[in-house]
Structures are given as C-alpha cells and as structure tokens.
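To start, the structure under review is shown below, and the notes come after it.
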Amino acid sequence: METVIATEWIMACYVDDVPENGGSCIKHGDEQIAIFNFARRNEWYATQNLCPHKQQMAISRGMIGSTGENCEPKVACPFHKKAFSLLTGECIGEEELTIKTYPVKITDGMVFIGIA
C-alpha cells in the first residue's frame, strides 16, 4: 500500500467537476488520478486511476460505497469488481493488490490533491 505524504498541493479541479457520489479523473504529469466526491459521507478521496488487476485506467468510473463494521469507504473497479479501500488503497478481499491513495482538501470550491 502506498499513501502519498503531501509535499505539494495541486489544484486538480473544481468541486462541481466531480459528480456527487461518483468519481472523475485528472492527469498530472504521467499519472492519472481518480477523485471521488463521497457526498453521502461528506468526504473526498483520491487514488491512482489504474486498476492493478487488469492494468486498466478505470478506477474513477467505479462504484463507491462502504464496507465492514466500520463502514470503511471503498471503490470497486467497474470492469472486474475488485474493491479497494479509499483510506488505505488495500484490496478488500483475498488478493494482495493495492492502489496509491492521495490526501485531498477542499478550499473555496476547488479540489486540491497532495502529491509527493
């Protein structure tokens, strides 16, 4: 699992660019970053967009929800339904797949992502 520790914040998009309870994608350098507006929880998340299962840029189009006793936020890849924690990036299930997660902050209607 890789959680990015922010050394720099980039303005990724505007709040209105990301659908409520859904995701969107931005490109920063060579990386695609998925951004999620989990409006039901009033929380924002960001992860790599690449699904490690089949190497497809698809995570931003996945379904978000909650799992377990602690209602951990998750995203499921739209193609093969592999689910990942939006907090840690760990695969929820038996596989040892992980995705990178990024810190997110909202300021004045803008979405900022922390990068290393």
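In the structure tokens, chains take letters A, B, ... by order of appearance, with residues numbered from 1 within each chain and ligands from 1 in the order shown.
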
Contacts of Tyr45 of chain A within 10 Å, only C-alpha atoms, excl. fewer than 2 positions in-chain, as an mmCIF file with N, CA, C and O atoms, in the first residue's frame:
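Final file, out31.cif:
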data_model
loop_
_atom_site.group_PDB
_atom_site.id
_atom_site.type_symbol
_atom_site.label_atom_id
_atom_site.label_comp_id
_atom_site.auth_asym_id
_atom_site.auth_seq_id
_atom_site.Cartn_x
_atom_site.Cartn_y
_atom_site.Cartn_z
ATOM 1 N N GLY A 23 -17.084 9.623 -9.278
ATOM 2 C CA GLY A 23 -15.691 9.974 -9.479
ATOM 3 C C GLY A 23 -15.434 10.673 -10.790
ATOM 4 O O GLY A 23 -16.286 10.732 -11.675
ATOM 5 N N ALA A 34 -7.690 9.453 -9.854
ATOM 6 C CA ALA A 34 -9.141 9.397 -9.681
ATOM 7 C C ALA A 34 -9.516 10.218 -8.455
ATOM 8 O O ALA A 34 -8.865 10.123 -7.414
ATOM 9 N N ILE A 35 -10.562 11.026 -8.585
ATOM 10 C CA ILE A 35 -11.044 11.864 -7.487
ATOM 11 C C ILE A 35 -12.492 11.476 -7.211
ATOM 12 O O ILE A 35 -13.295 11.376 -8.146
ATOM 13 N N PHE A 36 -12.824 11.274 -5.941
ATOM 14 C CA PHE A 36 -14.171 10.848 -5.564
ATOM 15 C C PHE A 36 -14.823 11.835 -4.607
ATOM 16 O O PHE A 36 -14.221 12.224 -3.614
ATOM 17 N N ASN A 37 -16.066 12.197 -4.923
ATOM 18 C CA ASN A 37 -16.894 13.044 -4.067
ATOM 19 C C ASN A 37 -17.912 12.126 -3.404
ATOM 20 O O ASN A 37 -18.953 11.816 -3.975
ATOM 21 N N PHE A 38 -17.583 11.660 -2.208
ATOM 22 C CA PHE A 38 -18.469 10.750 -1.476
ATOM 23 C C PHE A 38 -19.438 11.620 -0.676
ATOM 24 O O PHE A 38 -19.314 11.782 0.534
ATOM 25 N N GLU A 43 -17.281 13.429 2.297
ATOM 26 C CA GLU A 43 -15.847 13.165 2.269
ATOM 27 C C GLU A 43 -15.350 13.114 0.821
ATOM 28 O O GLU A 43 -16.101 12.798 -0.089
ATOM 29 N N THR A 47 -7.238 8.530 -5.597
ATOM 30 C CA THR A 47 -6.417 7.329 -5.765
ATOM 31 C C THR A 47 -5.800 7.336 -7.158
ATOM 32 O O THR A 47 -6.188 8.137 -8.012
ATOM 33 N N PRO A 73 -14.848 3.367 3.613
ATOM 34 C CA PRO A 73 -15.172 3.757 2.243
ATOM 35 C C PRO A 73 -14.367 2.932 1.244
ATOM 36 O O PRO A 73 -13.188 2.642 1.471
ATOM 37 N N LYS A 74 -15.020 2.564 0.129
ATOM 38 C CA LYS A 74 -14.359 1.722 -0.869
ATOM 39 C C LYS A 74 -14.786 2.149 -2.265
ATOM 40 O O LYS A 74 -15.801 2.831 -2.460
ATOM 41 N N LEU A 86 -10.673 3.235 0.096
ATOM 42 C CA LEU A 86 -10.326 4.605 -0.268
ATOM 43 C C LEU A 86 -9.419 5.245 0.782
ATOM 44 O O LEU A 86 -8.819 6.287 0.535
ATOM 45 N N LEU A 87 -9.305 4.610 1.949
ATOM 46 C CA LEU A 87 -8.426 5.120 3.012
ATOM 47 C C LEU A 87 -6.996 4.622 2.863
ATOM 48 O O LEU A 87 -6.044 5.389 2.973
ATOM 49 N N THR A 101 -3.055 6.008 -2.735
ATOM 50 C CA THR A 101 -4.051 6.987 -2.290
ATOM 51 C C THR A 101 -3.362 8.330 -2.059
ATOM 52 O O THR A 101 -2.174 8.384 -1.741
ATOM 53 N N TYR A 102 -4.130 9.391 -2.234
ATOM 54 C CA TYR A 102 -3.626 10.756 -2.102
ATOM 55 C C TYR A 102 -4.498 11.533 -1.112
ATOM 56 O O TYR A 102 -5.717 11.352 -1.100
ATOM 57 N N PRO A 103 -3.901 12.439 -0.343
ATOM 58 C CA PRO A 103 -4.719 13.306 0.507
ATOM 59 C C PRO A 103 -5.461 14.334 -0.362
ATOM 60 O O PRO A 103 -4.976 14.724 -1.426
ATOM 61 N N VAL A 104 -6.642 14.738 0.102
ATOM 62 C CA VAL A 104 -7.485 15.700 -0.617
ATOM 63 C C VAL A 104 -7.928 16.777 0.357
ATOM 64 O O VAL A 104 -8.237 16.485 1.513
ATOM 65 N N LYS A 105 -7.955 18.017 -0.124
ATOM 66 C CA LYS A 105 -8.562 19.090 0.664
ATOM 67 C C LYS A 105 -9.379 19.968 -0.279
ATOM 68 O O LYS A 105 -9.056 20.100 -1.462
ATOM 69 N N ILE A 113 -5.148 18.162 -4.437
ATOM 70 C CA ILE A 113 -4.602 16.836 -4.163
ATOM 71 C C ILE A 113 -3.156 17.001 -3.720
ATOM 72 O O ILE A 113 -2.387 17.746 -4.348
#

Counting only C-alpha atoms, the option among A:Lys82, A:Arg41, A:Thr88, A:Ala46 closest to Gly65 of chain A: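 Distance minimum relative to Gly65 of chain A lands on A:Arg41.
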
Show me, as a list in words, the residues that have an atom within 9 Å of Val4 of chain A when counting only C-alpha atoms, minus same-chain residues fewer than 2 positions from it.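 Close residues of Val4 of chain A: Glu2, Ala6, Thr7, Lys100, Thr101, Tyr102, Pro103, Gly114, Ile115 and Ala116 of chain A.
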
Go ahead and save the picked residues with N, CA, C and O atoms, as a PDB file, in the first residue's frame.
ATOM      1  N   GLU A   2       0.453   2.230  -0.724  1.00  0.00           N
ATOM      2  CA  GLU A   2       1.218   3.473  -0.769  1.00  0.00           C
ATOM      3  C   GLU A   2       0.273   4.646  -0.574  1.00  0.00           C
ATOM      4  O   GLU A   2      -0.596   4.896  -1.397  1.00  0.00           O
ATOM      5  N   ALA A   6       1.843  14.387   1.399  1.00  0.00           N
ATOM      6  CA  ALA A   6       1.866  15.596   0.573  1.00  0.00           C
ATOM      7  C   ALA A   6       3.054  16.487   0.897  1.00  0.00           C
ATOM      8  O   ALA A   6       3.263  16.863   2.038  1.00  0.00           O
ATOM      9  N   THR A   7       3.830  16.787  -0.140  1.00  0.00           N
ATOM     10  CA  THR A   7       4.867  17.801  -0.019  1.00  0.00           C
ATOM     11  C   THR A   7       4.481  19.026  -0.843  1.00  0.00           C
ATOM     12  O   THR A   7       5.083  20.074  -0.719  1.00  0.00           O
ATOM     13  N   LYS A 100      -2.528   3.345  -5.015  1.00  0.00           N
ATOM     14  CA  LYS A 100      -1.974   4.509  -4.328  1.00  0.00           C
ATOM     15  C   LYS A 100      -3.128   5.440  -3.935  1.00  0.00           C
ATOM     16  O   LYS A 100      -4.057   5.637  -4.710  1.00  0.00           O
ATOM     17  N   THR A 101      -3.055   6.008  -2.735  1.00  0.00           N
ATOM     18  CA  THR A 101      -4.051   6.987  -2.290  1.00  0.00           C
ATOM     19  C   THR A 101      -3.362   8.330  -2.059  1.00  0.00           C
ATOM     20  O   THR A 101      -2.174   8.384  -1.741  1.00  0.00           O
ATOM     21  N   TYR A 102      -4.130   9.391  -2.234  1.00  0.00           N
ATOM     22  CA  TYR A 102      -3.626  10.756  -2.102  1.00  0.00           C
ATOM     23  C   TYR A 102      -4.498  11.533  -1.112  1.00  0.00           C
ATOM     24  O   TYR A 102      -5.717  11.352  -1.100  1.00  0.00           O
ATOM     25  N   PRO A 103      -3.901  12.439  -0.343  1.00  0.00           N
ATOM     26  CA  PRO A 103      -4.719  13.306   0.507  1.00  0.00           C
ATOM     27  C   PRO A 103      -5.461  14.334  -0.362  1.00  0.00           C
ATOM     28  O   PRO A 103      -4.976  14.724  -1.426  1.00  0.00           O
ATOM     29  N   GLY A 114      -2.806  16.284  -2.659  1.00  0.00           N
ATOM     30  CA  GLY A 114      -1.431  16.311  -2.176  1.00  0.00           C
ATOM     31  C   GLY A 114      -0.570  15.328  -2.932  1.00  0.00           C
ATOM     32  O   GLY A 114      -0.931  14.166  -3.085  1.00  0.00           O
ATOM     33  N   ILE A 115       0.530  15.819  -3.454  1.00  0.00           N
ATOM     34  CA  ILE A 115       1.462  14.951  -4.183  1.00  0.00           C
ATOM     35  C   ILE A 115       2.825  15.003  -3.507  1.00  0.00           C
ATOM     36  O   ILE A 115       3.119  15.922  -2.751  1.00  0.00           O
ATOM     37  N   ALA A 116       3.649  14.025  -3.820  1.00  0.00           N
ATOM     38  CA  ALA A 116       4.984  13.952  -3.213  1.00  0.00           C
ATOM     39  C   ALA A 116       5.997  14.670  -4.086  1.00  0.00           C
ATOM     40  O   ALA A 116       5.822  14.841  -5.249  1.00  0.00           O
TER      41      ALA A 116
END

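For the residues A:Glu8, A:Glu31, A:Glu72, A:Asp17, ranking by smallest atom-to-atom distance to Phe84 of chain A using only C-alpha atoms places A:Glu72 first.
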
Near Ala12 of chain A, within 8 Å and counting only C-alpha atoms, which residues show up once chain neighbours fewer than 5 positions away are dropped, as a PDB file with N, CA and C atoms, in the first residue's frame?
ATOM      1  N   ILE A  26      -8.246  13.134 -13.378  1.00  0.00           N
ATOM      2  CA  ILE A  26      -7.376  14.187 -13.893  1.00  0.00           C
ATOM      3  C   ILE A  26      -6.050  13.546 -14.294  1.00  0.00           C
ATOM      4  N   MET A 110     -12.619  24.569  -4.709  1.00  0.00           N
ATOM      5  CA  MET A 110     -11.582  23.907  -5.505  1.00  0.00           C
ATOM      6  C   MET A 110     -11.108  22.646  -4.795  1.00  0.00           C
ATOM      7  N   VAL A 111     -10.764  21.617  -5.587  1.00  0.00           N
ATOM      8  CA  VAL A 111     -10.268  20.356  -5.070  1.00  0.00           C
ATOM      9  C   VAL A 111      -8.756  20.341  -5.229  1.00  0.00           C
ATOM     10  N   PHE A 112      -8.046  20.160  -4.116  1.00  0.00           N
ATOM     11  CA  PHE A 112      -6.584  20.075  -4.120  1.00  0.00           C
ATOM     12  C   PHE A 112      -6.169  18.672  -3.743  1.00  0.00           C
ATOM     13  N   ILE A 113      -5.148  18.162  -4.437  1.00  0.00           N
ATOM     14  CA  ILE A 113      -4.602  16.836  -4.163  1.00  0.00           C
ATOM     15  C   ILE A 113      -3.156  17.001  -3.720  1.00  0.00           C
TER      16      ILE A 113
END

Compile the contact shell of Arg61 of chain A as a PyMOL selection string: residues with an atom at most 8 Å away, counting only C-alpha atoms, same-chain residues fewer than 3 positions apart removed. chain A and resi 22-24+58+77-78

Can you spit out the residues from that selection as a short mmCIF file (atom, residue, chain, number, x, y, z; two decimals), in the first residue's frame, using C-alpha atoms?
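Saved file part23.cif follows:
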data_model
loop_
_atom_site.label_atom_id
_atom_site.label_comp_id
_atom_site.auth_asym_id
_atom_site.auth_seq_id
_atom_site.Cartn_x
_atom_site.Cartn_y
_atom_site.Cartn_z
CA GLY A 22 -19.11 9.45 -8.02
CA GLY A 23 -15.69 9.97 -9.48
CA SER A 24 -13.73 11.86 -12.08
CA ALA A 58 -10.86 2.66 -14.81
CA CYS A 77 -13.39 -1.29 -10.39
CA PRO A 78 -16.23 -1.14 -12.95
#

Go ahead and compute the interatomic distance for atom CA of Lys81 of chain A and atom CA of Gly29 of chain A, in Å to one decimal. 27.5 Å

Give me, as a PyMOL selection string, all polymer residues having an atom no more than 12 Å from Gly68 of chain A, counting only C-alpha atoms and skipping those fewer than 6 positions away in the same chain. chain A and resi 74+85+92-93

Atom CA of Thr98 of chain A and atom CA of Ala76 of chain A are how many Å apart? 12.3 Å

Among chain A, which ones does DSSP assign to strand (DSSP E) (computed from the backbone)? Answer as JSON, numbers by chain. {"A": [2, 3, 8, 9, 10, 11, 12, 13, 14, 22, 23, 24, 25, 26, 27, 28, 31, 32, 33, 34, 35, 36, 37, 38, 43, 44, 45, 46, 47, 48, 50, 51, 56, 57, 63, 64, 65, 66, 67, 72, 73, 74, 75, 76, 83, 84, 85, 91, 92, 100, 101, 102, 104, 105, 106, 107, 110, 111, 112, 113, 114, 115]}

Atomic separation - atom CA of Asn21 of chain A relative to atom CA of Ser66 of chain A, Å: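 The value is 11.7 Å.
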
Could you check the closest approach to Leu50 of chain A for each of A:Ile10, A:Glu20, A:Phe79, A:Ile99 and tell me which residue wins, using only C-alpha atoms? A:Ile99

For Asn42 of chain A, which residue among A:Ile106, A:His80, A:Lys54, A:Cys25 is the nearest when counting only C-alpha atoms? A:Ile106
